[in-house]
Structure formats: structure tokens, C-alpha cells
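Contents: one structure, followed by commentary.
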Amino acid sequence: MQSAPVTKYRPFPPVALPDRQWPSRTLTHAPVWCSVDLRDGNQALAQPMSVAEKLEYFDLLVRVGFKEIEVGFPSASQIEFDFCRRLIEENRIPAGVAIQILCQCREDLITRSLEAVQGAKNVIFHLYNSTSPKQREYVFNAQRADIVRIATHAVGFLKEKMQPLVAAGTKLRLEYSPESFTSTELEFALEICEAVTDVWQPTAADKIILNLPATVEYATPNIHADQIEWMCRHLTRRAATLVSLHTHNDRGTGVAATELALLAGADRVEGTLFGNGERTGNLDIVTVALNLYTHGIHPGLDFGDINHLREVYERCTRLEVHPRHPYAGELVFTAFSGSHQDAIKKSWAAQKPGAPWDVLYIPIDPADVGRSYKAIIRINSQSGKGGVAYVLEHEFGYQLPKLMHKEIGRLINDLADAKGTELTPQEVHEVFRREYLDRAAPVALQRFRTTERDSAVKCEIAVTIDGTPHALNGTGNGPIAAFVSALGTTALPKFDVLSYAEHSLGTGAEARAVSYIQLKTDRGRTCYGAGIDTNIELASIKAVVSALNRALAK
Ligand code: KIV
Ligand code: ZN
């Protein structure tokens with residue numbers, strides 16, 4: 001990198017718009033969406049989609065709810081042409097869905113593109129030419145007037161040549177893109193858009209789409225918003241125009257640029273699923289749409305099965321959705337940090353059905369995008385006691401007493417530290433079983449039977465202590481107290497039961513009881529134990545044995 005001062009790069013010039021309105025507006029409704037996956041997205045793939053993949057992808061876009069789908073550049077290649085024909089001839093385009101095709105401002109290409117869309121009911125014919133000063137200078141060696149003439153001539157030619165198609169029943173709308181709009185002088189962008197509109201003569205009922213692309217993202221999102229607001233305010237036939245956005249993501253702010261430009265007055269958004277597109281990609285429509293949704297605005301697109309969307313996307317594009325990708329990534333409904341896990345657990349428990357979504361750290365209900373609640377908390381050495389308790393409760397049904405969380409949390413952290421990897425819920429369960437449920441040394445319970453239940457409970461027990469069998473009797477005000485008094489007749493250290501909790505595990509005939517006992521030894525040590533049995537009394541006796549064995553092991 002160049003050392004400071006950086007002279008190699010220049011700041012992006014701001015837009016003179018002191019009375020800009022967009023910063024104090026809020027979004028209230030969804031824009032018109034147009035997917036450009038099959039054109040802009042596809043042309044950016046190392047291995048473009050096959051026709052079969054494009055067909056599958058098209059069906060997916062339709063199912064999601066896109067009403068405008070750019071299907072390709074049919075004058076550019078036979079495959080693109082054939083794909084367009086198959087969509088039309090095999091009747092794959094549902095009523096209400098418009099196919100959009102891209103075309104350069106050249107007569108031969110316009111003619112070929114019109115052949116490609118013959119017979120379609122609803123077509124957006126997308127013409128573009130590049131307008132920025134650098135493109136004019138380096139690529140076209142043309143003056144502003146030449147660039148305007150290229151566009152207006154193409155629009156006039158299309159208007160004339162499309163007549164037979166329109167007469168045969170095709171509804172054809174025009175989209176015009178001054179490519180590299182955001183790098184073009186605003187007055188010139190306006191001039192060319194006005195000139196194109198003059199030729200097309202749109203009406204409020206049959207609007208022209210003026211698509212204003214950030215072909216390469218060079219500026220901050222506020223400047224993009226200023227550019228769009230400036231255009232919206234200067235277009236003379238604004239009521240007959242749909243202002244469309246087409247951001248790329250070179251600075252990583254394609255989503256922000258789109259959101260601010262919607263505030264600035266744009267009506268329509270072009271982009272792709274998960275942001276596939278040239279270089280750093282096109283705008284990710286999924287993110288913008290779900291951002292709207294989480295502010296209470298229905299996007300009009302259905303991402304209720306985002307895993308399926310991701311699966312088709314990854315298969316057809318041969319690209320992977322990043323694990324941290326908003327809404328869709330593998331890890332976005334997962335919290336590793338203990339404090340986050342704790343907050344999620346508490347706020348999830350407080351979430352009332354039907355109330356506005358208020359779960360901390362998770363801005364969208366995973367169920368709304370078909371993701372599972374169960375994967376939310378995963379355990380590694382950064383996890384806290386709350387996360388461990390959450391996994392044990394949500395995966396296995398144990399509602400551990402609060403004070404027990406610390407004990408089990410410490411054990412799990414030690415294991416995760418030692419392993420240096422994430423622990424699966426099964427591994428967490430295994431530690432819990434080993435530490436609490438399967439403990440049979442030094443004390444192992446052979447038999448427990450109450451013999452009398454009057455004002456006092458009497459019991460007979462058989463235990464082994466360090467392998468030696470003992471047959472004992474005890475009396476207490478309940479079965480646990482009777483069991484403790486029986487053990488008190490041995491050489492085992494004395495202890496008191498401090499607390500007791502139980503609940504059922506599972507439902508119906510399969511249901512078992514789980515008990516949690518906290519005891520305190522005569523040396524002042526407190527310790528939890530847990531036991532499971534179909535018999536609730538036996539579950540608590542087992543929990544006493546578990547706690548005692550743990551205390552003795554320490
Ligand atoms: O990024 C771009 O400018 C384009 C145009 C063809 C709209 O894809
Ligand atoms: Zn593009």
C-alpha cells in the first residue's frame with residue numbers, strides 16, 4: 001500500500017443537494033423486485049448455468065414470488081436465445097410474470113432479441129449503453145451527443161420493430177440503463193434519460209423503467225442516495241417513470257446503498273439471490289427483502305424455506321453461501337458466546353406468542369425462514385452455563401435447577417477447552433450422563449423399598465460401598481430422609497439435603513421422572529446429583545446417590 005498521504009486514490013465528489021430529503025424518511029413499502037440472477041449473476045460464473053439449471057432456477061425465482069425476471073441476453077449467444085425460447089414455447093412463464101431481456105443499443109441485436117421473445121405475454125426489453133466520462137473516452141471514443149444518439153436511435157428502432165409483436169398480444173415495456181450511471185455526470189445522466197423517455201413516450205399507466213446502475217460501487221451509500229434523489233427530483237416525467245436501482249457491491253455496501261436509495265425515492269430494485277454477480281457481486285435481494293420484513297414490511301417475496309433456496313443456489317451456481325451470510329448462512333442462528341447464549345435463553349423464554357419479536361441477538365425468528373430453533377446454541381470453550389443448560393433443555397428435556405447450571409457449565413467448558421473444538425449436543429449430553437446419571441461408585445444402589453408410610457416413612461435398602469454390600473434400614477419424614485438416615489448408619493460422611501426438584505422427562509407411557517438433589521456434606525461442600533426412573537421416588541433416591549458420589553469424588 002502507498003504510505004500516507006495517499007495520492008493514488010481520490011475522494012468521491014459529493015452531490016450538491018443541501019435540501020436532501022432521504023435522511024429523514026422511513027421505508028413504508030416494498031419496491032418492485034427484479035431478479036437478474038439468470039443474466040448478471042450467470043455471466044459472472046466461472047461455469048455458467050446449463051439450460052437445465054437455468055430452468056430449475058427460473059422455477060425457484062417464480063416460487064419465491066418474483067414478478068420480473070431477467071432471463072438473459074438472447075442476442076449474445078445461442079444458449080441464451082434457446083433458453084428464452086424454451087421458457088416461452090414450453091409455457092413456463094406464469095401469468096403475471098414478466099421476462100426481461102438485456103440488449104445493447106444495436107439494430108441487429110434488437111432484431112434478434114425481438115425474435116427471442118416472440119410469443120411471450122409480458123416482456124421488459126432492457127436496453128443499455130455506457131455513459132460515464134471514462135467509458136466515453138476510453139471505450140467508445142465518443143462525445144456526449146453520440147452516446148445520446150446511440151440510445152435514442154435504439155429506442156426509436158425498438159418502438160417501430162416491436163409493433164408486430166405488440167399487435168400479436170405481447171405487452172412490452174422498456175427499461176433503459178445508462179450503464180455506469182453513478183460515475184456519470186448527473187446532468188448528463190438526466191439528459192440521456194430524458195431523451196430516451198421523449199422517444200418512448202411513456203404514460204402513468206405504462207411507465208418506462210429507468211434503471212440507474214452502480215455498475216461499479218465507488219462511493220459511500222449516502223452519495224448513491226443523493227444521486228438517486230437528485231434524479232427523482234429532476235426527471236420531468238416522474239409519474240410515468242419507475243426509477244430502478246441496480247447496485248453492485250465493490251465496497252461491500254450494496255445493501256446499504258440500495259436501502260438509502262429507496263429512501264431517496266426509487267421504486268424498483270434489481271439484484272440476485274445471495275448477491276451473486278460480477279466481482280464482489282450484485283445486490284443481495286434476500287438481505288434487503290428480509291431487512292424490510294424485520295421492520296414489519298412484507299417484501300412480497302417468500303423466503304420461508306431459505307435452506308432450499310440456498311441448496312438450489314449452491315448447486316446451480318457452484319458457489320457457497322458464506323456461513324455468516326445474513327439470514328441464510330449456516331451460523332447466523334448460532335451463538336457461541338456465553339453471555340449471548342444466556343441473553344437468548346432468557347429473552348426467548350420471555351417471548352409471548354403473537355407479540356412483536358424481541359429475542360435478543362436474533363433479529364428474525366428463525367422459523368420465519370424455515371430455520372430451526374435447535375441449532376441456535378452451540379457449545380465451545382467460549383460458551384457459558386446458560387448455553388449448556390439451553391442445549392440440555394431444548395435438545396434433551398432437562399430443566400436443570402439454576403444453581404446446577406454453574407456446575408455443569410464448568411465441566412463442559414473444561415472438555416471444550418481440552419478438545420479445542422465445538423462440542424455437539426450429544427457430547428454435552430454424554431458429559432451430563434457420565435457426571436450425574438451413571439455414577440455408581442463408591443456407593444451403588446441395589447435396592448430401595450419403603451416398608452411403612454405412616455407419620456414416618458421407613459425403608460430397607462441394599463447398597464454396595466466400595467464394592468462391599470450393606471443391607472440397611474432408615475426412618476424419616478419422607479423417602480429421601482429415610483434413605484439419608486439409612487446411609488447415616490454407615491461410615492460414609494454425613495450430609496444434609498439442601499434442595500430437591502423434579503419434572504417428567506418425555507410424555508405418555510414413555511415418560512420418566514428426573515430428580516435433582518443438592519446436598520451439603522459435613523465438610524461444608526455442596527453438590528448436585530441427578531437421577532432418572534419411571535418411579536418418581538426412585539428417581540430422587542438415585543439423585544441422592546449421584547450427589548453423594550460426586551461429593552465423595554471431590
Ligand atoms: O451493472 C450494470 O450496469 C449492468 C447493466 C447492464 C444494467 O448490469
Ligand atoms: Zn450489473
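Ordering of the C-alpha cells sets the chain letters (A, B, ...), residue numbers begin anew at 1 in every chain, and ligands are numbered from 1 in the order given.
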
Shell of 10 Å around His405 (chain A), only C-alpha atoms, local chain residues under 4 positions omitted, as an mmCIF file with N, CA and C atoms, in the first residue's frame:
```cif
data_model
loop_
_atom_site.group_PDB
_atom_site.id
_atom_site.type_symbol
_atom_site.label_atom_id
_atom_site.label_comp_id
_atom_site.auth_asym_id
_atom_site.auth_seq_id
_atom_site.Cartn_x
_atom_site.Cartn_y
_atom_site.Cartn_z
ATOM 1 N N GLY A 384 -21.175 -20.236 27.798
ATOM 2 C CA GLY A 384 -21.419 -20.097 29.216
ATOM 3 C C GLY A 384 -22.372 -21.159 29.713
ATOM 4 N N LYS A 385 -22.626 -21.088 31.019
ATOM 5 C CA LYS A 385 -23.500 -22.069 31.641
ATOM 6 C C LYS A 385 -24.900 -22.035 31.039
ATOM 7 N N GLY A 386 -25.338 -20.811 30.660
ATOM 8 C CA GLY A 386 -26.692 -20.673 30.100
ATOM 9 C C GLY A 386 -26.838 -21.471 28.826
ATOM 10 N N GLY A 387 -25.809 -21.461 27.998
ATOM 11 C CA GLY A 387 -25.853 -22.171 26.722
ATOM 12 C C GLY A 387 -25.921 -23.668 26.929
ATOM 13 N N VAL A 388 -25.158 -24.152 27.903
ATOM 14 C CA VAL A 388 -25.154 -25.587 28.185
ATOM 15 C C VAL A 388 -26.535 -26.008 28.696
ATOM 16 N N ALA A 389 -27.072 -25.210 29.613
ATOM 17 C CA ALA A 389 -28.402 -25.521 30.147
ATOM 18 C C ALA A 389 -29.442 -25.491 29.031
ATOM 19 N N TYR A 390 -29.253 -24.539 28.109
ATOM 20 C CA TYR A 390 -30.199 -24.420 26.988
ATOM 21 C C TYR A 390 -30.183 -25.694 26.144
ATOM 22 N N GLN A 399 -34.653 -29.784 32.683
ATOM 23 C CA GLN A 399 -34.796 -28.404 33.192
ATOM 24 C C GLN A 399 -33.977 -28.284 34.471
ATOM 25 N N LEU A 400 -32.699 -28.071 34.313
ATOM 26 C CA LEU A 400 -31.803 -28.091 35.476
ATOM 27 C C LEU A 400 -32.101 -26.932 36.415
ATOM 28 N N PRO A 401 -32.029 -27.167 37.739
ATOM 29 C CA PRO A 401 -32.156 -26.041 38.671
ATOM 30 C C PRO A 401 -31.045 -25.026 38.386
ATOM 31 N N GLY A 409 -21.839 -26.288 33.579
ATOM 32 C CA GLY A 409 -21.175 -25.351 32.657
ATOM 33 C C GLY A 409 -19.666 -25.477 32.761
ATOM 34 N N ARG A 410 -19.170 -25.592 34.003
ATOM 35 C CA ARG A 410 -17.717 -25.674 34.210
ATOM 36 C C ARG A 410 -17.166 -26.963 33.583
#
```

Chain A residues near ligand 1 within 10 Å, closest pair each, using only C-alpha atoms and all ligand atoms, as JSON lines:
```
{"residue": "A:Val36", "atom": "CA", "partner": "ligand 1", "partner_atom_place_in_ligand_line": "8 (O)", "distance": 8.4}
{"residue": "A:Arg39", "atom": "CA", "partner": "ligand 1", "partner_atom_place_in_ligand_line": "8 (O)", "distance": 8.3}
{"residue": "A:Asp40", "atom": "CA", "partner": "ligand 1", "partner_atom_place_in_ligand_line": "8 (O)", "distance": 5.7}
{"residue": "A:Gly41", "atom": "CA", "partner": "ligand 1", "partner_atom_place_in_ligand_line": "8 (O)", "distance": 9.1}
{"residue": "A:Gln43", "atom": "CA", "partner": "ligand 1", "partner_atom_place_in_ligand_line": "8 (O)", "distance": 9.7}
{"residue": "A:Phe73", "atom": "CA", "partner": "ligand 1", "partner_atom_place_in_ligand_line": "6 (C)", "distance": 9.8}
{"residue": "A:Leu102", "atom": "CA", "partner": "ligand 1", "partner_atom_place_in_ligand_line": "6 (C)", "distance": 7.1}
{"residue": "A:Cys103", "atom": "CA", "partner": "ligand 1", "partner_atom_place_in_ligand_line": "6 (C)", "distance": 8.4}
{"residue": "A:Gln104", "atom": "CA", "partner": "ligand 1", "partner_atom_place_in_ligand_line": "6 (C)", "distance": 8.6}
{"residue": "A:His126", "atom": "CA", "partner": "ligand 1", "partner_atom_place_in_ligand_line": "7 (C)", "distance": 8.2}
{"residue": "A:Leu127", "atom": "CA", "partner": "ligand 1", "partner_atom_place_in_ligand_line": "6 (C)", "distance": 8.1}
{"residue": "A:Tyr128", "atom": "CA", "partner": "ligand 1", "partner_atom_place_in_ligand_line": "6 (C)", "distance": 6.1}
{"residue": "A:Asn129", "atom": "CA", "partner": "ligand 1", "partner_atom_place_in_ligand_line": "6 (C)", "distance": 7.8}
{"residue": "A:Ser130", "atom": "CA", "partner": "ligand 1", "partner_atom_place_in_ligand_line": "3 (O)", "distance": 8.0}
{"residue": "A:Glu175", "atom": "CA", "partner": "ligand 1", "partner_atom_place_in_ligand_line": "7 (C)", "distance": 9.4}
{"residue": "A:Tyr176", "atom": "CA", "partner": "ligand 1", "partner_atom_place_in_ligand_line": "7 (C)", "distance": 8.3}
{"residue": "A:Ser177", "atom": "CA", "partner": "ligand 1", "partner_atom_place_in_ligand_line": "7 (C)", "distance": 5.5}
{"residue": "A:Pro178", "atom": "CA", "partner": "ligand 1", "partner_atom_place_in_ligand_line": "3 (O)", "distance": 7.6}
{"residue": "A:Glu179", "atom": "CA", "partner": "ligand 1", "partner_atom_place_in_ligand_line": "3 (O)", "distance": 4.4}
{"residue": "A:Ser180", "atom": "CA", "partner": "ligand 1", "partner_atom_place_in_ligand_line": "3 (O)", "distance": 5.5}
{"residue": "A:Phe181", "atom": "CA", "partner": "ligand 1", "partner_atom_place_in_ligand_line": "3 (O)", "distance": 7.6}
{"residue": "A:Thr182", "atom": "CA", "partner": "ligand 1", "partner_atom_place_in_ligand_line": "3 (O)", "distance": 9.4}
{"residue": "A:Asn211", "atom": "CA", "partner": "ligand 1", "partner_atom_place_in_ligand_line": "7 (C)", "distance": 6.9}
{"residue": "A:Leu212", "atom": "CA", "partner": "ligand 1", "partner_atom_place_in_ligand_line": "7 (C)", "distance": 7.6}
{"residue": "A:Pro213", "atom": "CA", "partner": "ligand 1", "partner_atom_place_in_ligand_line": "3 (O)", "distance": 4.8}
{"residue": "A:Ala214", "atom": "CA", "partner": "ligand 1", "partner_atom_place_in_ligand_line": "3 (O)", "distance": 6.2}
{"residue": "A:Thr215", "atom": "CA", "partner": "ligand 1", "partner_atom_place_in_ligand_line": "1 (O)", "distance": 3.6}
{"residue": "A:Val216", "atom": "CA", "partner": "ligand 1", "partner_atom_place_in_ligand_line": "1 (O)", "distance": 6.9}
{"residue": "A:Glu217", "atom": "CA", "partner": "ligand 1", "partner_atom_place_in_ligand_line": "1 (O)", "distance": 9.5}
{"residue": "A:Ser244", "atom": "CA", "partner": "ligand 1", "partner_atom_place_in_ligand_line": "7 (C)", "distance": 10.0}
{"residue": "A:Leu245", "atom": "CA", "partner": "ligand 1", "partner_atom_place_in_ligand_line": "7 (C)", "distance": 9.1}
{"residue": "A:His246", "atom": "CA", "partner": "ligand 1", "partner_atom_place_in_ligand_line": "1 (O)", "distance": 6.5}
{"residue": "A:Thr247", "atom": "CA", "partner": "ligand 1", "partner_atom_place_in_ligand_line": "1 (O)", "distance": 7.1}
{"residue": "A:His248", "atom": "CA", "partner": "ligand 1", "partner_atom_place_in_ligand_line": "1 (O)", "distance": 6.7}
{"residue": "A:Glu270", "atom": "CA", "partner": "ligand 1", "partner_atom_place_in_ligand_line": "7 (C)", "distance": 8.8}
{"residue": "A:Gly271", "atom": "CA", "partner": "ligand 1", "partner_atom_place_in_ligand_line": "8 (O)", "distance": 9.5}
{"residue": "A:Gly277", "atom": "CA", "partner": "ligand 1", "partner_atom_place_in_ligand_line": "8 (O)", "distance": 9.0}
{"residue": "A:Glu278", "atom": "CA", "partner": "ligand 1", "partner_atom_place_in_ligand_line": "1 (O)", "distance": 8.2}
{"residue": "A:Gly281", "atom": "CA", "partner": "ligand 1", "partner_atom_place_in_ligand_line": "1 (O)", "distance": 9.7}
{"residue": "A:Asn282", "atom": "CA", "partner": "ligand 1", "partner_atom_place_in_ligand_line": "1 (O)", "distance": 7.8}
```

ask   = Between A:Asp108, A:Asp414, A:Asp305, A:Asp250, which is the closest to ligand 2 once you count only C-alpha atoms and all ligand atoms?
value =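 Checking each of A:Asp108, A:Asp414, A:Asp305, A:Asp250 against ligand 2, counting only C-alpha atoms and all ligand atoms, the winner is A:Asp250.
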
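Every protein, DNA or RNA residue with an atom at most 10 Å from Leu273 (chain A), where only C-alpha atoms count and chain neighbours fewer than 5 positions away do not, is listed here: A:Ser35, A:Val36, A:Asp37, A:Gly41, A:Leu61, A:Asn282, A:Leu283, A:Asp284, A:Ile285, A:Val286, A:Thr287, A:Leu309, A:Arg310, A:Tyr313, A:Val321.
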
message = When you count only C-alpha atoms and all ligand atoms, which of these residues is closest to ligand 2: A:Arg279, A:Arg149, A:Arg378, A:His325?
response =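 Result for the nearest residue to ligand 2: A:Arg279.
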
task = List every residue of region 287-379 of chain A that DSSP, applied to the backbone of this structure, places in alpha helix (DSSP H), and write the result as a PyMOL selection string.
result = chain A and resi 287-293+306-317+338-350

Restricting the output to N, CA and C atoms, write the selected residues as a short mmCIF file (atom, residue, chain, number, x, y, z; two decimals), in the first residue's frame.
```cif
data_model
loop_
_atom_site.label_atom_id
_atom_site.label_comp_id
_atom_site.auth_asym_id
_atom_site.auth_seq_id
_atom_site.Cartn_x
_atom_site.Cartn_y
_atom_site.Cartn_z
N THR A 287 -31.28 -10.26 1.39
CA THR A 287 -30.99 -9.44 2.58
C THR A 287 -31.88 -8.20 2.62
N VAL A 288 -31.99 -7.49 1.50
CA VAL A 288 -32.82 -6.27 1.52
C VAL A 288 -34.27 -6.64 1.84
N ALA A 289 -34.75 -7.71 1.23
CA ALA A 289 -36.15 -8.09 1.43
C ALA A 289 -36.39 -8.48 2.89
N LEU A 290 -35.48 -9.26 3.47
CA LEU A 290 -35.70 -9.69 4.86
C LEU A 290 -35.41 -8.55 5.84
N ASN A 291 -34.55 -7.63 5.46
CA ASN A 291 -34.38 -6.42 6.29
C ASN A 291 -35.71 -5.67 6.38
N LEU A 292 -36.40 -5.56 5.26
CA LEU A 292 -37.71 -4.88 5.28
C LEU A 292 -38.67 -5.65 6.18
N TYR A 293 -38.67 -6.98 6.00
CA TYR A 293 -39.58 -7.83 6.76
C TYR A 293 -39.37 -7.64 8.27
N ILE A 306 -35.54 -20.96 3.33
CA ILE A 306 -34.28 -20.38 2.85
C ILE A 306 -33.22 -21.46 2.64
N ASN A 307 -33.33 -22.56 3.36
CA ASN A 307 -32.35 -23.65 3.16
C ASN A 307 -32.48 -24.24 1.77
N HIS A 308 -33.72 -24.37 1.31
CA HIS A 308 -33.94 -24.92 -0.03
C HIS A 308 -33.38 -23.95 -1.08
N LEU A 309 -33.64 -22.67 -0.84
CA LEU A 309 -33.13 -21.64 -1.76
C LEU A 309 -31.61 -21.74 -1.86
N ARG A 310 -31.01 -21.87 -0.70
CA ARG A 310 -29.55 -21.93 -0.65
C ARG A 310 -29.04 -23.19 -1.36
N GLU A 311 -29.77 -24.27 -1.16
CA GLU A 311 -29.35 -25.54 -1.77
C GLU A 311 -29.37 -25.43 -3.29
N VAL A 312 -30.46 -24.90 -3.85
CA VAL A 312 -30.57 -24.78 -5.31
C VAL A 312 -29.51 -23.80 -5.82
N TYR A 313 -29.38 -22.69 -5.09
CA TYR A 313 -28.38 -21.66 -5.48
C TYR A 313 -26.98 -22.27 -5.52
N GLU A 314 -26.62 -22.99 -4.47
CA GLU A 314 -25.25 -23.51 -4.39
C GLU A 314 -25.00 -24.56 -5.47
N ARG A 315 -26.02 -25.35 -5.75
CA ARG A 315 -25.87 -26.39 -6.77
C ARG A 315 -25.75 -25.78 -8.16
N CYS A 316 -26.61 -24.79 -8.45
CA CYS A 316 -26.64 -24.25 -9.82
C CYS A 316 -25.49 -23.29 -10.08
N THR A 317 -25.08 -22.53 -9.07
CA THR A 317 -24.01 -21.54 -9.32
C THR A 317 -22.62 -22.11 -9.00
N GLY A 338 -20.97 -17.13 25.67
CA GLY A 338 -21.80 -17.46 26.82
C GLY A 338 -22.81 -16.38 27.16
N SER A 339 -22.37 -15.11 27.14
CA SER A 339 -23.30 -14.05 27.54
C SER A 339 -24.43 -13.93 26.51
N HIS A 340 -24.11 -14.14 25.24
CA HIS A 340 -25.16 -14.09 24.22
C HIS A 340 -26.14 -15.25 24.44
N GLN A 341 -25.58 -16.42 24.69
CA GLN A 341 -26.44 -17.59 24.89
C GLN A 341 -27.41 -17.36 26.04
N ASP A 342 -26.86 -16.76 27.09
CA ASP A 342 -27.69 -16.52 28.28
C ASP A 342 -28.83 -15.56 27.95
N ALA A 343 -28.46 -14.48 27.23
CA ALA A 343 -29.47 -13.47 26.90
C ALA A 343 -30.52 -14.06 25.95
N ILE A 344 -30.08 -14.89 25.01
CA ILE A 344 -31.02 -15.51 24.07
C ILE A 344 -32.00 -16.38 24.84
N LYS A 345 -31.44 -17.18 25.74
CA LYS A 345 -32.28 -18.11 26.50
C LYS A 345 -33.34 -17.36 27.30
N LYS A 346 -32.91 -16.28 27.96
CA LYS A 346 -33.85 -15.55 28.82
C LYS A 346 -34.90 -14.82 27.98
N SER A 347 -34.45 -14.18 26.91
CA SER A 347 -35.42 -13.40 26.13
C SER A 347 -36.34 -14.32 25.34
N TRP A 348 -35.81 -15.49 24.97
CA TRP A 348 -36.67 -16.45 24.26
C TRP A 348 -37.78 -16.94 25.20
N ALA A 349 -37.39 -17.18 26.44
CA ALA A 349 -38.39 -17.65 27.41
C ALA A 349 -39.45 -16.57 27.64
N ALA A 350 -39.05 -15.29 27.54
CA ALA A 350 -40.00 -14.20 27.80
C ALA A 350 -40.85 -13.87 26.58
#
```

query = Within 10 Å of Lys159 (chain A), counting only C-alpha atoms, which residues qualify if same-chain residues fewer than 4 places away don't, as a ChimeraX atom specification?
reply = /A:153-155,163,166,172,174,199-200

DSSP strand (DSSP E) residues within region 8-37 of chain A, as a list in words =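 Secondary structure check on region 8-37 of chain A, strand (DSSP E): Val32, Trp33, Cys34 and Ser35 of chain A.
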
inquiry  = Please list as number ranges by chain every residue within 12 Å of region 235-241 of chain A, counting only C-alpha atoms and excluding residues in the same chain fewer than 5 positions away.
reply    = A: 173-176, 186-187, 189-198, 200-211, 228-230, 265-268

query = Of the candidates A:Gly506, A:Pro363, A:Pro353, A:Gly72, which shows the shortest atom-to-atom distance to Asp533 (chain A), using only C-alpha atoms?
reply =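 For Asp533 (chain A), the nearest of the given residues is A:Gly506.
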
Which residues, written as a PDB file with N, CA and C atoms, in the first residue's frame, have at least one atom at most 9 Å from region 453-462 of chain A, with only C-alpha atoms counted and residues fewer than 3 positions away on the same chain left out?
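Written out: around.pdb:
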```pdb
ATOM      1  N   ALA A 444     -23.186 -47.729  45.340  1.00  0.00           N
ATOM      2  CA  ALA A 444     -24.075 -48.205  44.263  1.00  0.00           C
ATOM      3  C   ALA A 444     -25.368 -48.690  44.891  1.00  0.00           C
ATOM      4  N   LEU A 445     -26.468 -48.194  44.360  1.00  0.00           N
ATOM      5  CA  LEU A 445     -27.774 -48.576  44.912  1.00  0.00           C
ATOM      6  C   LEU A 445     -28.212 -49.908  44.302  1.00  0.00           C
ATOM      7  N   GLN A 446     -28.537 -50.872  45.152  1.00  0.00           N
ATOM      8  CA  GLN A 446     -29.029 -52.170  44.656  1.00  0.00           C
ATOM      9  C   GLN A 446     -30.551 -52.211  44.760  1.00  0.00           C
ATOM     10  N   ARG A 447     -31.061 -51.715  45.910  1.00  0.00           N
ATOM     11  CA  ARG A 447     -32.497 -51.833  46.141  1.00  0.00           C
ATOM     12  C   ARG A 447     -32.945 -50.746  47.119  1.00  0.00           C
ATOM     13  N   PHE A 448     -34.163 -50.246  46.908  1.00  0.00           N
ATOM     14  CA  PHE A 448     -34.751 -49.295  47.859  1.00  0.00           C
ATOM     15  C   PHE A 448     -36.219 -49.650  47.978  1.00  0.00           C
ATOM     16  N   ARG A 449     -36.674 -49.833  49.225  1.00  0.00           N
ATOM     17  CA  ARG A 449     -38.077 -50.211  49.407  1.00  0.00           C
ATOM     18  C   ARG A 449     -38.601 -49.536  50.663  1.00  0.00           C
ATOM     19  N   THR A 450     -39.768 -48.887  50.562  1.00  0.00           N
ATOM     20  CA  THR A 450     -40.351 -48.332  51.784  1.00  0.00           C
ATOM     21  C   THR A 450     -41.162 -49.440  52.435  1.00  0.00           C
ATOM     22  N   PRO A 469     -21.191 -55.099  50.112  1.00  0.00           N
ATOM     23  CA  PRO A 469     -22.641 -54.974  50.247  1.00  0.00           C
ATOM     24  C   PRO A 469     -23.068 -54.590  51.673  1.00  0.00           C
ATOM     25  N   HIS A 470     -24.115 -53.756  51.724  1.00  0.00           N
ATOM     26  CA  HIS A 470     -24.707 -53.376  53.022  1.00  0.00           C
ATOM     27  C   HIS A 470     -26.221 -53.463  52.893  1.00  0.00           C
ATOM     28  N   ALA A 471     -26.858 -54.065  53.899  1.00  0.00           N
ATOM     29  CA  ALA A 471     -28.324 -54.043  53.972  1.00  0.00           C
ATOM     30  C   ALA A 471     -28.655 -53.119  55.131  1.00  0.00           C
ATOM     31  N   LEU A 472     -29.419 -52.039  54.872  1.00  0.00           N
ATOM     32  CA  LEU A 472     -29.610 -51.005  55.892  1.00  0.00           C
ATOM     33  C   LEU A 472     -31.079 -50.655  56.052  1.00  0.00           C
ATOM     34  N   ASN A 473     -31.402 -50.075  57.196  1.00  0.00           N
ATOM     35  CA  ASN A 473     -32.758 -49.583  57.453  1.00  0.00           C
ATOM     36  C   ASN A 473     -32.686 -48.118  57.834  1.00  0.00           C
ATOM     37  N   GLY A 474     -33.735 -47.382  57.509  1.00  0.00           N
ATOM     38  CA  GLY A 474     -33.743 -45.971  57.888  1.00  0.00           C
ATOM     39  C   GLY A 474     -35.159 -45.474  58.103  1.00  0.00           C
ATOM     40  N   THR A 475     -35.274 -44.354  58.809  1.00  0.00           N
ATOM     41  CA  THR A 475     -36.584 -43.744  59.080  1.00  0.00           C
ATOM     42  C   THR A 475     -36.476 -42.242  58.857  1.00  0.00           C
ATOM     43  N   GLY A 476     -37.527 -41.661  58.306  1.00  0.00           N
ATOM     44  CA  GLY A 476     -37.510 -40.203  58.096  1.00  0.00           C
ATOM     45  C   GLY A 476     -38.909 -39.703  57.823  1.00  0.00           C
ATOM     46  N   ASN A 477     -39.021 -38.378  57.610  1.00  0.00           N
ATOM     47  CA  ASN A 477     -40.373 -37.856  57.354  1.00  0.00           C
ATOM     48  C   ASN A 477     -40.775 -38.005  55.890  1.00  0.00           C
ATOM     49  N   GLY A 478     -39.915 -38.582  55.103  1.00  0.00           N
ATOM     50  CA  GLY A 478     -40.232 -38.878  53.703  1.00  0.00           C
ATOM     51  C   GLY A 478     -39.228 -39.898  53.210  1.00  0.00           C
ATOM     52  N   PRO A 479     -39.404 -40.402  51.972  1.00  0.00           N
ATOM     53  CA  PRO A 479     -38.490 -41.435  51.477  1.00  0.00           C
ATOM     54  C   PRO A 479     -37.035 -40.966  51.411  1.00  0.00           C
ATOM     55  N   ALA A 481     -35.537 -38.626  53.240  1.00  0.00           N
ATOM     56  CA  ALA A 481     -34.996 -38.534  54.608  1.00  0.00           C
ATOM     57  C   ALA A 481     -34.724 -39.937  55.163  1.00  0.00           C
ATOM     58  N   ALA A 482     -35.620 -40.899  54.865  1.00  0.00           N
ATOM     59  CA  ALA A 482     -35.420 -42.271  55.360  1.00  0.00           C
ATOM     60  C   ALA A 482     -34.146 -42.868  54.753  1.00  0.00           C
ATOM     61  N   PHE A 483     -33.935 -42.617  53.466  1.00  0.00           N
ATOM     62  CA  PHE A 483     -32.750 -43.142  52.777  1.00  0.00           C
ATOM     63  C   PHE A 483     -31.480 -42.524  53.378  1.00  0.00           C
ATOM     64  N   ALA A 486     -30.693 -44.056  56.622  1.00  0.00           N
ATOM     65  CA  ALA A 486     -30.118 -45.402  56.473  1.00  0.00           C
ATOM     66  C   ALA A 486     -28.630 -45.302  56.163  1.00  0.00           C
ATOM     67  N   LEU A 487     -28.264 -44.386  55.242  1.00  0.00           N
ATOM     68  CA  LEU A 487     -26.847 -44.237  54.906  1.00  0.00           C
ATOM     69  C   LEU A 487     -26.055 -43.704  56.097  1.00  0.00           C
TER      70      LEU A 487
END
```

request  = Find the residues near Glu422 (chain A): any atom within 8 Å, counting only C-alpha atoms, skip ones fewer than 3 places away on the same chain, and give them as a ChimeraX atom specification.
outcome  = /A:378-381,416

message = Under the rule that only C-alpha atoms are counted, which of A:Ala547, A:Leu263, A:Ala219, A:Leu552 is the nearest residue to Leu519 (chain A)?
response =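 Of A:Ala547, A:Leu263, A:Ala219, A:Leu552, the one nearest Leu519 (chain A) is A:Ala547, counting only C-alpha atoms.
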
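Taking CA of Phe157 (chain A) and CA of Pro74 (chain A) as the two end points, the separation is 17.7 Å.
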
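Between CA of Thr220 (chain A) and CA of Thr253 (chain A) there is a distance of 7.5 Å.
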
task = Have a look at A:Ser540, A:Ser50, A:Gln118, A:Thr526 and name the one nearest to Tyr500 (chain A); count only C-alpha atoms.
result = A:Ser540
